[in-house]
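Q: My structure file input_39.txt, compact mmCIF, C-alpha atoms, is below:
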# COMPACT_ATOMS: atom_id res chain seq x y z
CA MET A 1 121.92 75.10 90.73
CA ASN A 2 123.94 72.15 89.45
CA ILE A 3 122.87 68.52 89.77
CA ASN A 4 124.71 67.68 92.96
CA LEU A 5 123.18 70.59 94.91
CA THR A 6 119.76 69.52 93.68
CA GLU A 7 120.56 66.04 94.95
CA PHE A 8 121.56 67.30 98.39
CA LYS A 9 118.25 69.14 98.67
CA ALA A 10 116.37 66.00 97.62
CA ARG A 11 118.17 64.03 100.34
CA ARG A 12 117.00 66.51 102.97
CA GLN A 13 113.46 66.21 101.69
CA LYS A 14 113.64 62.42 101.79
CA LEU A 15 114.94 62.43 105.36
CA ILE A 16 112.21 64.86 106.44
CA ALA A 17 109.60 62.56 104.90
CA SER A 18 111.01 59.54 106.74
CA MET A 19 110.89 61.44 110.05
CA SER A 20 107.16 62.20 109.55
CA GLU A 21 107.27 64.57 112.55
CA GLY A 22 109.81 66.17 114.83
CA ILE A 23 113.12 67.97 114.42
CA ALA A 24 116.62 66.83 113.40
CA ILE A 25 119.88 68.52 114.38
CA ILE A 26 123.01 67.70 112.35
CA HIS A 27 126.35 69.43 113.02
CA THR A 28 129.53 69.32 111.00
CA ALA A 29 132.94 68.33 112.34
CA PRO A 30 134.99 70.74 114.47
CA GLU A 31 138.26 72.26 113.39
CA VAL A 32 141.10 70.54 115.26
CA PHE A 33 144.44 72.02 116.28
CA ARG A 34 147.50 70.15 115.03
CA ASN A 35 149.92 72.15 117.11
CA ARG A 36 149.77 75.49 118.91
CA ASP A 37 147.89 77.69 116.40
CA SER A 38 147.93 75.43 113.32
CA HIS A 39 144.94 73.30 112.40
CA TYR A 40 144.70 69.92 110.74
CA PRO A 41 143.17 70.31 107.26
CA PHE A 42 139.42 70.63 107.85
CA ARG A 43 137.26 67.73 106.75
CA PHE A 44 133.48 68.08 107.10
CA ASP A 45 131.35 65.52 108.91
CA SER A 46 130.09 62.95 106.40
CA TYR A 47 126.47 63.01 107.61
CA PHE A 48 126.34 66.80 107.50
CA TYR A 49 127.88 66.95 104.04
CA TYR A 50 125.62 64.18 102.72
CA LEU A 51 122.59 66.33 103.54
CA THR A 52 123.95 69.76 102.63
CA GLY A 53 126.90 69.77 100.24
CA PHE A 54 128.22 72.58 102.46
CA LYS A 55 131.93 72.37 103.31
CA GLU A 56 132.50 75.18 105.81
CA PRO A 57 133.25 74.51 109.49
CA GLU A 58 131.08 75.88 112.32
CA SER A 59 127.88 74.83 110.60
CA VAL A 60 124.64 73.18 111.70
CA VAL A 61 121.55 72.14 109.76
CA ILE A 62 118.13 71.72 111.33
CA LEU A 63 115.36 69.83 109.57
CA ILE A 64 111.73 70.15 110.66
CA ALA A 65 109.16 67.57 109.65
CA GLY A 66 105.38 67.74 109.83
CA SER A 67 102.77 69.99 108.28
CA ALA A 68 105.27 72.79 107.54
CA PRO A 69 108.57 71.05 106.67
CA LYS A 70 111.68 73.17 106.29
CA SER A 71 115.46 73.01 106.29
CA ILE A 72 117.51 75.64 108.10
CA LEU A 73 121.26 76.27 107.91
CA PHE A 74 123.40 77.98 110.54
CA CYS A 75 126.84 79.04 109.31
CA ARG A 76 129.63 81.56 109.77
CA ASP A 77 128.97 85.22 109.02
CA LYS A 78 130.30 86.80 105.87
CA ASP A 79 133.52 88.44 107.05
CA ILE A 80 135.75 90.15 104.49
CA GLU A 81 138.56 90.69 107.00
CA ARG A 82 138.69 86.98 107.97
CA GLU A 83 138.51 86.02 104.29
CA ILE A 84 141.82 87.82 103.77
CA TRP A 85 143.38 85.33 106.17
CA ASP A 86 141.30 82.15 105.80
CA GLY A 87 139.54 82.30 102.45
CA PHE A 88 136.01 82.68 101.14
CA ARG A 89 132.92 82.41 103.34
CA TYR A 90 129.38 82.24 102.01
CA GLY A 91 127.54 83.90 104.87
CA ALA A 92 123.93 83.03 105.69
CA ASP A 93 122.16 84.76 102.80
CA ALA A 94 124.39 83.44 100.02
CA ALA A 95 124.47 79.95 101.53
CA ARG A 96 120.67 79.82 101.71
CA GLU A 97 120.36 80.87 98.08
CA THR A 98 123.16 78.67 96.74
CA PHE A 99 122.44 75.46 98.66
CA GLY A 100 118.66 75.60 98.58
CA PHE A 101 117.75 76.04 102.25
CA ASP A 102 114.46 77.53 103.36
CA GLU A 103 116.14 79.68 105.99
CA ALA A 104 119.69 80.48 107.10
CA TYR A 105 121.11 82.22 110.15
CA SER A 106 124.43 83.15 111.64
CA ILE A 107 125.96 80.36 113.72
CA ASN A 108 126.11 82.94 116.53
CA GLU A 109 122.30 82.85 116.71
CA LEU A 110 122.06 79.08 117.11
CA ASP A 111 121.48 78.94 120.87
CA THR A 112 118.65 81.45 120.67
CA VAL A 113 116.90 80.22 117.54
CA VAL A 114 117.19 76.50 118.31
CA LEU A 115 115.15 76.85 121.52
CA LYS A 116 112.26 78.27 119.51
CA LEU A 117 112.56 75.48 116.95
CA LEU A 118 112.81 72.70 119.56
CA ALA A 119 109.90 73.93 121.65
CA ASN A 120 106.84 71.66 121.58
CA GLN A 121 108.36 69.22 119.10
CA ALA A 122 107.39 65.61 119.80
CA LYS A 123 110.61 63.97 118.60
CA LEU A 124 114.28 64.87 118.32
CA TYR A 125 116.58 63.16 115.82
CA PHE A 126 120.23 63.50 116.78
CA SER A 127 123.47 61.48 116.65
CA LEU A 128 123.58 60.88 120.40
CA GLY A 129 126.97 59.64 121.61
CA GLU A 130 128.95 60.84 118.58
CA SER A 131 130.33 63.94 120.32
CA ALA A 132 130.43 64.59 124.07
CA THR A 133 130.52 68.33 123.38
CA TRP A 134 127.39 68.22 121.27
CA ASP A 135 125.65 65.80 123.63
CA ALA A 136 126.14 68.33 126.41
CA ARG A 137 124.97 71.22 124.26
CA VAL A 138 121.78 69.47 123.15
CA THR A 139 121.10 68.32 126.71
CA ALA A 140 121.38 71.94 127.87
CA TRP A 141 118.82 72.99 125.27
CA LEU A 142 116.42 70.27 126.37
CA ASN A 143 116.85 71.19 130.02
CA ALA A 144 116.20 74.86 129.20
CA LEU A 145 112.91 73.87 127.60
CA ARG A 146 111.96 71.58 130.48
CA ALA A 147 112.42 74.52 132.83
CA GLN A 148 109.61 76.29 130.96
CA THR A 149 106.96 73.60 131.49
CA ARG A 150 104.85 75.88 133.70
CA SER A 151 104.63 78.26 130.77
CA GLY A 152 103.21 75.52 128.59
CA VAL A 153 106.45 74.80 126.73
CA SER A 154 107.55 71.19 126.29
CA ALA A 155 110.75 69.54 125.18
CA PRO A 156 110.83 66.57 122.77
CA ALA A 157 109.82 63.48 124.74
CA GLU A 158 111.58 61.04 122.42
CA VAL A 159 115.13 61.10 121.07
CA TYR A 160 116.01 58.96 118.04
CA ASP A 161 119.38 58.15 116.50
CA LEU A 162 119.43 60.14 113.29
CA ARG A 163 122.14 57.86 111.86
CA GLN A 164 119.77 54.92 111.55
CA LEU A 165 117.70 56.83 108.99
CA VAL A 166 120.61 58.38 107.10
CA ASP A 167 122.70 55.18 107.07
CA GLU A 168 120.02 53.41 105.10
CA MET A 169 119.94 56.25 102.58
CA ARG A 170 123.72 56.29 102.24
CA LEU A 171 123.86 52.56 101.42
CA TYR A 172 122.41 53.18 97.96
CA LYS A 173 124.61 55.27 95.70
CA SER A 174 123.05 57.66 93.19
CA PRO A 175 124.37 58.11 89.63
CA TYR A 176 126.12 61.28 90.84
CA GLU A 177 127.85 59.39 93.66
CA ILE A 178 128.78 56.46 91.42
CA ASP A 179 130.36 58.83 88.91
CA LEU A 180 132.44 60.48 91.65
CA MET A 181 133.52 57.11 93.05
CA ARG A 182 134.43 55.85 89.60
CA ARG A 183 136.63 58.91 89.07
CA SER A 184 138.18 58.49 92.51
CA ALA A 185 138.86 54.82 91.72
CA ASN A 186 140.52 55.69 88.40
CA ILE A 187 142.84 58.20 90.07
CA ALA A 188 143.81 55.68 92.75
CA ALA A 189 144.28 52.85 90.23
CA ASN A 190 146.65 54.95 88.14
CA ALA A 191 148.51 55.92 91.30
CA HIS A 192 149.05 52.25 92.20
CA ASN A 193 150.42 51.58 88.72
CA ARG A 194 152.73 54.58 89.09
CA ALA A 195 154.00 53.19 92.41
CA MET A 196 154.70 49.80 90.81
CA GLN A 197 156.71 51.42 88.04
CA PHE A 198 158.69 53.53 90.52
CA ALA A 199 159.52 51.00 93.27
CA LYS A 200 163.01 49.51 93.35
CA PRO A 201 165.16 47.68 95.91
CA ASN A 202 166.88 49.89 98.51
CA MET A 203 164.26 52.64 98.27
CA MET A 204 162.42 53.72 101.39
CA GLU A 205 158.71 53.01 101.82
CA TYR A 206 158.00 56.74 102.04
CA GLU A 207 159.61 57.34 98.66
CA VAL A 208 157.04 55.07 97.05
CA GLU A 209 154.28 56.71 99.10
CA ALA A 210 155.31 60.08 97.68
CA GLU A 211 154.77 58.78 94.15
CA PHE A 212 151.14 57.78 94.57
CA LEU A 213 150.37 60.87 96.66
CA HIS A 214 151.77 62.91 93.78
CA GLU A 215 149.37 61.15 91.41
CA PHE A 216 146.42 61.70 93.77
CA TYR A 217 146.91 65.45 93.89
CA ARG A 218 147.99 65.79 90.26
CA LYS A 219 144.66 64.32 89.13
CA GLY A 220 142.49 66.48 91.39
CA ALA A 221 141.90 64.39 94.51
CA GLN A 222 141.78 66.57 97.61
CA ALA A 223 143.39 64.13 100.04
CA PRO A 224 144.20 60.50 100.75
CA ALA A 225 141.00 58.78 101.85
CA TYR A 226 142.79 57.28 104.88
CA THR A 227 146.29 56.83 106.26
CA SER A 228 148.16 54.98 103.53
CA ILE A 229 149.83 51.64 104.20
CA VAL A 230 153.15 51.13 102.39
CA ALA A 231 154.48 47.93 103.91
CA GLY A 232 157.55 46.11 102.63
CA GLY A 233 158.57 42.60 103.64
CA ALA A 234 157.55 41.62 107.17
CA ASN A 235 155.75 44.95 107.65
CA ALA A 236 152.99 43.67 105.35
CA CYS A 237 152.03 41.18 108.07
CA THR A 238 150.94 44.11 110.27
CA LEU A 239 147.45 44.88 109.00
CA HIS A 240 147.39 48.57 109.89
CA TYR A 241 151.08 49.34 109.45
CA SER A 242 151.51 53.07 108.86
CA ALA A 243 155.10 54.05 109.74
CA ASN A 244 156.10 53.80 106.06
CA ASN A 245 159.76 54.42 106.93
CA ALA A 246 161.60 51.12 106.29
CA LYS A 247 163.97 50.18 103.48
CA LEU A 248 162.65 47.98 100.67
CA ASN A 249 164.88 44.96 100.26
CA ASP A 250 165.55 42.97 97.11
CA GLY A 251 163.29 39.91 97.21
CA ASP A 252 160.62 41.52 99.42
CA LEU A 253 156.99 42.04 98.55
CA LEU A 254 155.50 45.51 98.94
CA LEU A 255 151.87 45.83 100.05
CA ILE A 256 150.25 49.20 99.34
CA ASP A 257 146.78 49.93 100.72
CA ALA A 258 145.92 53.43 99.53
CA GLY A 259 142.98 55.36 98.13
CA CYS A 260 142.09 58.96 97.51
CA GLU A 261 139.16 61.21 98.35
CA LEU A 262 137.44 63.12 95.55
CA ASP A 263 134.74 65.61 96.56
CA GLY A 264 134.23 63.62 99.75
CA TYR A 265 134.05 60.15 98.19
CA ALA A 266 136.66 57.49 98.85
CA SER A 267 138.45 54.89 96.80
CA ASP A 268 140.18 52.00 98.56
CA ILE A 269 142.68 49.79 96.70
CA THR A 270 145.31 47.31 97.85
CA ARG A 271 147.94 45.83 95.61
CA THR A 272 150.93 43.66 96.52
CA PHE A 273 153.94 43.28 94.24
CA PRO A 274 157.63 42.25 94.33
CA VAL A 275 160.03 45.12 94.93
CA ASN A 276 162.44 43.75 92.32
CA GLY A 277 159.69 43.20 89.74
CA LYS A 278 159.63 39.39 89.82
CA PHE A 279 157.64 37.08 92.12
CA SER A 280 159.57 34.23 93.71
CA ALA A 281 158.00 30.77 93.54
CA ALA A 282 156.73 30.96 97.14
CA GLN A 283 155.43 34.49 96.68
CA LYS A 284 153.65 33.47 93.49
CA ASP A 285 152.00 30.50 95.23
CA ILE A 286 150.52 32.68 97.97
CA TYR A 287 149.66 35.54 95.63
CA THR A 288 147.84 33.23 93.21
CA LEU A 289 145.88 31.76 96.11
CA VAL A 290 144.75 35.19 97.34
CA LEU A 291 143.89 36.33 93.81
CA THR A 292 141.85 33.16 93.22
CA ALA A 293 140.02 33.80 96.48
CA GLN A 294 139.28 37.36 95.39
CA HIS A 295 137.93 36.21 92.02
CA ALA A 296 135.65 33.75 93.84
CA ALA A 297 134.44 36.51 96.18
CA ILE A 298 133.76 39.03 93.41
CA ALA A 299 131.76 36.38 91.55
CA GLN A 300 129.39 36.33 94.53
CA VAL A 301 128.71 40.07 94.43
CA ASN A 302 125.24 40.13 92.93
CA ILE A 303 121.64 40.74 93.97
CA ALA A 304 120.96 37.02 94.41
CA ASN A 305 123.36 36.86 97.39
CA HIS A 306 123.63 38.24 100.90
CA TRP A 307 126.44 40.40 102.27
CA ASN A 308 128.48 37.52 103.66
CA ALA A 309 128.50 35.42 100.47
CA PRO A 310 131.74 36.98 99.10
CA HIS A 311 133.51 36.37 102.42
CA GLU A 312 132.34 32.77 102.53
CA ALA A 313 133.55 32.20 98.96
CA ALA A 314 136.97 33.72 99.65
CA LEU A 315 137.35 31.76 102.88
CA ASP A 316 136.50 28.49 101.14
CA VAL A 317 139.29 29.04 98.58
CA LEU A 318 141.81 30.24 101.15
CA ILE A 319 141.27 27.32 103.54
CA GLN A 320 141.73 24.77 100.78
CA GLY A 321 144.85 26.60 99.67
CA PHE A 322 146.26 26.64 103.20
CA ILE A 323 145.75 22.89 103.37
CA ASP A 324 147.35 22.31 99.97
CA LEU A 325 150.37 24.44 100.91
CA LYS A 326 150.78 22.60 104.26
CA LEU A 327 149.98 25.72 106.27
CA CYS A 328 146.92 24.09 107.85
CA LYS A 329 146.25 20.44 108.63
CA GLY A 330 143.04 18.44 108.45
CA SER A 331 139.90 18.64 106.37
CA LYS A 332 138.42 21.91 105.14
CA ASP A 333 135.50 21.59 107.56
CA ALA A 334 137.84 20.90 110.47
CA VAL A 335 140.06 23.91 109.71
CA LEU A 336 136.95 26.10 109.42
CA GLU A 337 135.50 24.81 112.68
CA THR A 338 138.70 25.15 114.70
CA GLY A 339 139.54 28.52 113.18
CA ASP A 340 143.13 27.48 112.49
CA TYR A 341 143.03 29.50 109.27
CA ARG A 342 142.97 32.70 111.37
CA GLN A 343 146.72 32.36 111.87
CA PHE A 344 147.00 33.50 108.25
CA TYR A 345 143.69 35.27 107.51
CA MET A 346 142.21 37.16 110.42
CA HIS A 347 139.94 39.80 108.88
CA ARG A 348 136.77 39.85 106.83
CA THR A 349 136.63 40.24 103.07
CA GLY A 350 135.17 43.71 102.67
CA HIS A 351 133.19 46.70 103.90
CA TRP A 352 130.80 49.34 102.57
CA LEU A 353 132.45 52.24 100.74
CA GLY A 354 131.34 55.81 100.14
CA LEU A 355 131.78 59.13 101.93
CA ASP A 356 133.59 57.16 104.62
CA VAL A 357 136.14 54.47 103.78
CA HIS A 358 134.30 52.13 106.13
CA ASP A 359 131.00 53.58 105.06
CA ALA A 360 127.70 53.85 106.87
CA GLY A 361 125.13 51.04 106.78
CA GLU A 362 124.16 47.88 108.59
CA TYR A 363 125.51 44.53 107.44
CA LYS A 364 122.59 42.57 108.84
CA ALA A 365 118.89 43.18 108.34
CA PRO A 366 116.99 44.10 111.52
CA LYS A 367 115.67 41.09 113.39
CA SER A 368 111.95 40.53 113.83
CA ASN A 369 110.22 39.24 116.93
CA ASP A 370 110.68 35.62 115.90
CA THR A 371 113.69 35.74 113.57
CA PRO A 372 117.28 36.63 114.47
CA ALA A 373 119.12 39.20 112.38
CA GLN A 374 120.29 37.83 109.03
CA TRP A 375 122.93 39.06 106.63
CA ARG A 376 121.22 41.62 104.43
CA MET A 377 120.81 40.93 100.75
CA LEU A 378 123.00 42.80 98.30
CA GLU A 379 121.05 45.29 96.20
CA ALA A 380 121.80 47.36 93.13
CA ASN A 381 123.83 50.53 93.72
CA MET A 382 125.46 49.35 96.93
CA MET A 383 129.24 49.85 96.91
CA LEU A 384 131.68 47.58 98.74
CA THR A 385 135.28 46.46 98.80
CA VAL A 386 136.48 42.89 98.24
CA GLU A 387 139.82 42.30 99.96
CA PRO A 388 140.99 38.82 100.94
CA GLY A 389 144.53 38.43 102.21
CA CYS A 390 147.17 36.13 103.66
CA TYR A 391 149.73 37.10 106.29
CA ILE A 392 152.43 34.60 107.23
CA ARG A 393 154.60 35.45 110.21
CA PRO A 394 157.56 33.24 111.17
CA ALA A 395 156.35 30.29 113.25
CA ASP A 396 157.38 26.74 114.02
CA ASN A 397 154.44 25.34 112.06
CA VAL A 398 155.21 27.37 108.91
CA PRO A 399 157.73 26.41 106.18
CA GLU A 400 160.52 28.98 106.22
CA HIS A 401 160.19 29.90 102.56
CA PHE A 402 156.76 31.40 103.36
CA TRP A 403 157.95 33.54 106.26
CA ASN A 404 157.12 37.27 106.16
CA ILE A 405 154.90 37.03 103.10
CA GLY A 406 151.99 39.41 103.51
CA ILE A 407 149.52 39.79 100.64
CA ARG A 408 146.20 41.62 100.29
CA ILE A 409 144.32 42.36 97.07
CA GLU A 410 141.47 44.86 97.28
CA ASP A 411 139.07 46.31 94.73
CA ASP A 412 136.04 48.62 94.84
CA VAL A 413 132.92 46.88 93.56
CA LEU A 414 129.50 48.26 92.62
CA VAL A 415 126.49 45.95 92.87
CA THR A 416 124.42 46.21 89.68
CA SER A 417 121.07 44.79 88.59
CA HIS A 418 122.90 42.16 86.50
CA GLY A 419 125.94 41.37 88.66
CA CYS A 420 128.71 43.76 89.62
CA ASP A 421 131.10 46.35 88.24
CA VAL A 422 134.71 46.44 89.50
CA LEU A 423 135.70 50.12 89.47
CA THR A 424 139.40 49.58 90.13
CA LEU A 425 140.40 47.13 87.38
CA LYS A 426 142.90 49.60 85.91
CA ALA A 427 145.28 48.84 88.77
CA ALA A 428 147.46 45.92 87.59
CA LYS A 429 146.54 42.76 89.47
CA SER A 430 147.53 39.51 87.78
CA VAL A 431 151.09 38.22 88.20
CA ALA A 432 151.79 38.79 84.52
CA ASP A 433 150.32 42.30 84.46
CA ILE A 434 152.21 43.37 87.59
CA GLU A 435 155.52 42.07 86.28
CA ASP A 436 154.83 43.73 82.93
CA VAL A 437 154.02 47.11 84.51
CA MET A 438 157.16 46.95 86.64
CA GLN A 439 159.38 46.23 83.63
CA ARG A 440 158.19 49.24 81.64
If you took the structure in this file and wrote it as structure tokens, what would it be?
A:
Amino acid sequence: MNINLTEFKARRQKLIASMSEGIAIIHTAPEVFRNRDSHYPFRFDSYFYYLTGFKEPESVVILIAGSAPKSILFCRDKDIEREIWDGFRYGADAARETFGFDEAYSINELDTVVLKLLANQAKLYFSLGESATWDARVTAWLNALRAQTRSGVSAPAEVYDLRQLVDEMRLYKSPYEIDLMRRSANIAANAHNRAMQFAKPNMMEYEVEAEFLHEFYRKGAQAPAYTSIVAGGANACTLHYSANNAKLNDGDLLLIDAGCELDGYASDITRTFPVNGKFSAAQKDIYTLVLTAQHAAIAQVNIANHWNAPHEAALDVLIQGFIDLKLCKGSKDAVLETGDYRQFYMHRTGHWLGLDVHDAGEYKAPKSNDTPAQWRMLEANMMLTVEPGCYIRPADNVPEHFWNIGIRIEDDVLVTSHGCDVLTLKAAKSVADIEDVMQR
């Protein structure tokens, strides 16, 4: 058994220990039809994969805590005929042996076996509300047990959100996870550099998208980590622009927000650069402001600070810059209080990163009886993005030379015991480095 499968087993054991008693039910994602009889590419549920390492659809894992803890997998049967059409299947016996489960059954036996496992358990851990289909199925199991009360059978009296326990585990990345994310970041960084070298005026956004997708797959990534944003000119002022079908004009900036997924783990990078390879004076002013804000934010990523410290640092730089560039009026405190800066910067400066692009985990520590929830402190092995931006749409209160400038700069940052480690530095970022890459 290689190191990652050992790690998945250890995660199950840790979750069972944190449950202390009761039973947990975790299902993977369903296959989804794209059209008629063609499916979207299957992507496992992140919680299920985090605890199993098992990538097949139609799978469920059950964890039992208490005096006789065990982990049980339900999966598809071994079926040579279906493998001719759809590819390899482990089957229950091989999956149990390979992935380190105590027991494994056919997914076709789930409804029968789960009633025996649920019976007389005090607690149920389940992601209630995540799937209406699974909510209904679990409710049916509970009702079937409640119907047997006269026979001395009881259903779990308490239902807990499994995600609260697993989210806290997922916040802290192991050496195995960090290595995967570092590799994912390197692939994505090289892809951004490739896109910079390729982009030219009069190309289409999708032509540039094809270049970094080529690099993703060429270096072993299985998929983009999310729908890529390739936004030229005014399109960059739409935060979640995804059409990627406009022409790139000479003199425009091109904002690319794109990352790849490697063995389930995401990278998330944004770079903004001039289509013609040279920043104009106005573009350079805004770009330098955003880059300065990002440097200030990254400097706050350390274990002495709370989650919101990088955002506060970036916002402080951006507001002063907006005032200096005549985009906002008044003192820094006044602009902050009125929120006038939101005309140009309307999102926060980062998010957790991991198996999901916007990864699991709370941003505030739980409140106590007397104390309201506070931003949680950053701790070693947490992974986050740092991504300030500036988006200037045409408006009467905006100088025309700034119109349609949209800039975001985003990196993937690991909190360490001594500060932080920026995993995505290989993607050109300074004005000089971007212009140099584009001239090669």
Q: When you look at Thr288 in chain A with a cut-off of 9 Å (counting all atoms listed in the file), what residues show up, excluding the ones that are within fewer than 5 positions of it in the same chain? I need them as number ranges by chain.
A: A: 283, 293, 430-431
Q: To one decimal in Å, tell me the separation between CA of Asp359 in chain A and CA of Ala65 in chain A.
A: 26.3 Å
Q: Which distance in Å separates CA of Ala195 in chain A and CA of Val357 in chain A, to one decimal?
A: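 According to the coordinates, CA of Ala195 in chain A and CA of Val357 in chain A are separated by 21.2 Å.
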Q: Which residue gives the smallest distance to Tyr47 in chain A among A:Ile64, A:Leu355, A:Ile16, A:Ala313, with only C-alpha atoms counted?
A: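 Distance minimum relative to Tyr47 in chain A lands on A:Leu355.
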Q: If we count all atoms listed in the file and set the cut-off at 9 Å, which residues sit around Asn276 in chain A, ignoring sequence neighbours fewer than 3 positions away in its own chain? Please answer as a compact mmCIF listing (two decimals) with C-alpha atoms, keeping the file's coordinate frame.
A:
# COMPACT_ATOMS: atom_id res chain seq x y z
CA ALA A 199 159.52 51.00 93.27
CA LYS A 200 163.01 49.51 93.35
CA PRO A 201 165.16 47.68 95.91
CA ASN A 249 164.88 44.96 100.26
CA ASP A 250 165.55 42.97 97.11
CA GLY A 251 163.29 39.91 97.21
CA ASP A 252 160.62 41.52 99.42
CA LEU A 253 156.99 42.04 98.55
CA PHE A 273 153.94 43.28 94.24
CA PHE A 279 157.64 37.08 92.12
CA MET A 438 157.16 46.95 86.64
Q: Using all atoms listed in the file, which of A:Lys123, A:His27, A:His295, A:Arg393 sits nearest Asp135 in chain A?
A: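 Closest to Asp135 in chain A, using all atoms listed in the file: A:His27.
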Q: For the interface of range 181-271 of chain A with range 397-419 of chain A (cut-off 10 Å, counting only C-alpha atoms), please tabulate each contacting residue of range 181-271 of chain A alongside its nearest pair of atoms and their separation in Å to one decimal, rows sorted by chain and increasing number, as a Markdown table.
A:
| residue | atom | partner | partner_atom | distance |
| --- | --- | --- | --- | --- |
| A:Met181 | CA | A:Asp412 | CA | 9.0 |
| A:Arg182 | CA | A:Asp412 | CA | 9.1 |
| A:Ala185 | CA | A:Asp412 | CA | 7.5 |
| A:Ala189 | CA | A:Asp411 | CA | 9.5 |
| A:Ala231 | CA | A:Gly406 | CA | 8.9 |
| A:Gly232 | CA | A:Gly406 | CA | 8.8 |
| A:Gly233 | CA | A:Asn404 | CA | 6.1 |
| A:Ala234 | CA | A:Asn404 | CA | 4.5 |
| A:Asn235 | CA | A:Gly406 | CA | 7.9 |
| A:Ala236 | CA | A:Gly406 | CA | 4.7 |
| A:Cys237 | CA | A:Gly406 | CA | 4.9 |
| A:Thr238 | CA | A:Gly406 | CA | 8.3 |
| A:Leu239 | CA | A:Gly406 | CA | 9.0 |
| A:Asp252 | CA | A:Ile405 | CA | 8.1 |
| A:Leu253 | CA | A:Ile405 | CA | 7.1 |
| A:Leu254 | CA | A:Gly406 | CA | 8.4 |
| A:Leu255 | CA | A:Ile407 | CA | 6.5 |
| A:Ile256 | CA | A:Arg408 | CA | 8.6 |
| A:Asp257 | CA | A:Glu410 | CA | 8.1 |
| A:Ala258 | CA | A:Glu410 | CA | 9.9 |
| A:Ala266 | CA | A:Asp412 | CA | 9.8 |
| A:Ser267 | CA | A:Asp412 | CA | 7.0 |
| A:Asp268 | CA | A:Asp412 | CA | 6.5 |
| A:Ile269 | CA | A:Glu410 | CA | 5.1 |
| A:Thr270 | CA | A:Glu410 | CA | 4.6 |
| A:Arg271 | CA | A:Ile409 | CA | 5.2 |
Q: Mind giving me the straight-line distance from CA of Lys9 in chain A to CA of Tyr50 in chain A in Å, one decimal?
A: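 Here the two named atoms are 9.8 Å from each other.
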Q: Counting all atoms listed in the file, which residue out of A:Gly361, A:Pro366, A:Gly87, A:Gly354 sits closest to Met383 in chain A?
A: A:Gly354
Q: So which residues are close to (124.5, 68.3, 111.1), meaning at most 10 Å away in the file's coordinates with all atoms listed in the file counted, and can you show them as a PDB file with C-alpha atoms, in the coordinates of the input?
A:
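Output (result-v6.pdb):
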ATOM      1  CA  ALA A  24     116.620  66.830 113.400  1.00  0.00           C
ATOM      2  CA  ILE A  25     119.880  68.520 114.380  1.00  0.00           C
ATOM      3  CA  ILE A  26     123.010  67.700 112.350  1.00  0.00           C
ATOM      4  CA  HIS A  27     126.350  69.430 113.020  1.00  0.00           C
ATOM      5  CA  THR A  28     129.530  69.320 111.000  1.00  0.00           C
ATOM      6  CA  ALA A  29     132.940  68.330 112.340  1.00  0.00           C
ATOM      7  CA  PHE A  44     133.480  68.080 107.100  1.00  0.00           C
ATOM      8  CA  ASP A  45     131.350  65.520 108.910  1.00  0.00           C
ATOM      9  CA  SER A  46     130.090  62.950 106.400  1.00  0.00           C
ATOM     10  CA  TYR A  47     126.470  63.010 107.610  1.00  0.00           C
ATOM     11  CA  PHE A  48     126.340  66.800 107.500  1.00  0.00           C
ATOM     12  CA  TYR A  49     127.880  66.950 104.040  1.00  0.00           C
ATOM     13  CA  TYR A  50     125.620  64.180 102.720  1.00  0.00           C
ATOM     14  CA  LEU A  51     122.590  66.330 103.540  1.00  0.00           C
ATOM     15  CA  THR A  52     123.950  69.760 102.630  1.00  0.00           C
ATOM     16  CA  SER A  59     127.880  74.830 110.600  1.00  0.00           C
ATOM     17  CA  VAL A  60     124.640  73.180 111.700  1.00  0.00           C
ATOM     18  CA  VAL A  61     121.550  72.140 109.760  1.00  0.00           C
ATOM     19  CA  ILE A  62     118.130  71.720 111.330  1.00  0.00           C
ATOM     20  CA  LEU A  63     115.360  69.830 109.570  1.00  0.00           C
ATOM     21  CA  LEU A  73     121.260  76.270 107.910  1.00  0.00           C
ATOM     22  CA  PHE A  74     123.400  77.980 110.540  1.00  0.00           C
ATOM     23  CA  PHE A 126     120.230  63.500 116.780  1.00  0.00           C
ATOM     24  CA  SER A 127     123.470  61.480 116.650  1.00  0.00           C
ATOM     25  CA  LEU A 162     119.430  60.140 113.290  1.00  0.00           C
TER      26      LEU A 162
END
Q: Between A:Asp433, A:Asp396, A:Asp161, A:Asp179, which one has atoms that come closest to Glu130 in chain A, using all atoms listed in the file?
A: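 Ranked by minimum distance to Glu130 in chain A, first place goes to A:Asp161.
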